[in-house]
Amino acid sequence: MLPKLIIWCCLAAAPVASQPNRPQSPPDGSPKVELKGTIEQVRIAAGQGMPYLELRDSKGLHRVMLGSMRYLFEHNFNPKAGLDASVKGFQVGDLVLAQSVSLTADKITIQLRDDDGVPLWRMGRYGWRRN
């Protein structure tokens, strides 16, 4: 009975383990990028707590990872399709991990990561880091 239970648990966990791991912090040496364009869509992947933007500029479509939903709500950051945005971030493969995002028309900027790329939502309300 126990071996069947172990096998069943492994099979049930396989779809979760096979989902692509989205980085929250950039690896050392990730190049910094600046993008300006129009938000085409705001998306959140099923089971993920981190929404991303599809931002179109003159070079094409970019996937810009934001931050935790809780952090975005706490800072009243609500990007919408059709808005112009400026993004500063880190290029990690085909993703951009946003350090800051500015919504041009709303004159709103949110800081998501520090200069080293460490997510600010992992810090406590008073500035200390949580592990």
# chains A, B, ... in the order shown; residues from 1 in each chain; ligands from 1

call {"tool": "residues_around", "arguments": {"residues": "Val92 (chain A)", "least_positions_apart": "3", "cutoff": "9 Å", "atoms": "only C-alpha atoms", "output": "number ranges by chain"}}
result
A: 23, 26-27, 30-31, 95-97

call {"tool": "write_last_selection", "arguments": {"atoms": "N, CA and C atoms", "output": "compact mmCIF listing (two decimals), in the first residue's frame"}}
result
# COMPACT_ATOMS: atom_id res chain seq x y z
N PRO A 23 12.12 33.14 -12.61
CA PRO A 23 13.03 33.73 -11.63
C PRO A 23 12.41 34.97 -11.00
N PRO A 26 17.37 38.31 -10.60
CA PRO A 26 18.21 38.00 -11.76
C PRO A 26 19.51 37.34 -11.33
N PRO A 27 20.04 36.44 -12.16
CA PRO A 27 21.36 35.87 -11.86
C PRO A 27 22.42 36.96 -11.97
N SER A 30 23.39 39.65 -15.11
CA SER A 30 22.28 39.90 -16.04
C SER A 30 22.33 41.36 -16.50
N PRO A 31 22.25 41.59 -17.81
CA PRO A 31 22.33 42.96 -18.30
C PRO A 31 21.08 43.77 -17.94
N LEU A 95 13.01 36.89 -20.82
CA LEU A 95 12.21 37.67 -19.87
C LEU A 95 12.94 38.93 -19.45
N VAL A 96 12.16 39.91 -19.02
CA VAL A 96 12.72 41.09 -18.36
C VAL A 96 12.15 41.10 -16.95
N LEU A 97 13.02 41.07 -15.95
CA LEU A 97 12.57 41.21 -14.56
C LEU A 97 12.57 42.69 -14.24

call {"tool": "residues_around", "arguments": {"residues": "Thr104 (chain A)", "least_positions_apart": "4", "cutoff": "12 Å", "atoms": "only C-alpha atoms", "output": "MDAnalysis selection string"}}
result
chainID A and resid 36:39 79:80 82:87 108:110

call {"tool": "closest_residue", "arguments": {"among": "A:Arg122, A:Phe77, A:Lys88, A:Arg56", "to": "Asp106 (chain A)", "atoms": "only C-alpha atoms"}}
result
A:Phe77

call {"tool": "select_by_dssp", "arguments": {"residues": "region 24-82 of chain A", "states": "helix (DSSP H, G or I)", "output": "list in words"}}
result
Met69, Arg70, Tyr71, Leu72, Phe73 and Glu74 of chain A

call {"tool": "atom_distance", "arguments": {"atom1": "CA of Leu61 (chain A)", "atom2": "CA of Ser100 (chain A)"}}
result
18.1 Å

call {"tool": "closest_residue", "arguments": {"among": "A:Val33, A:Val118, A:Ala105, A:Leu53", "to": "Gly89 (chain A)", "atoms": "only C-alpha atoms"}}
result
A:Val33

call {"tool": "closest_residue", "arguments": {"among": "A:Leu66, A:Phe73, A:Ile44, A:Gly60", "to": "Ala98 (chain A)", "atoms": "only C-alpha atoms"}}
result
A:Leu66
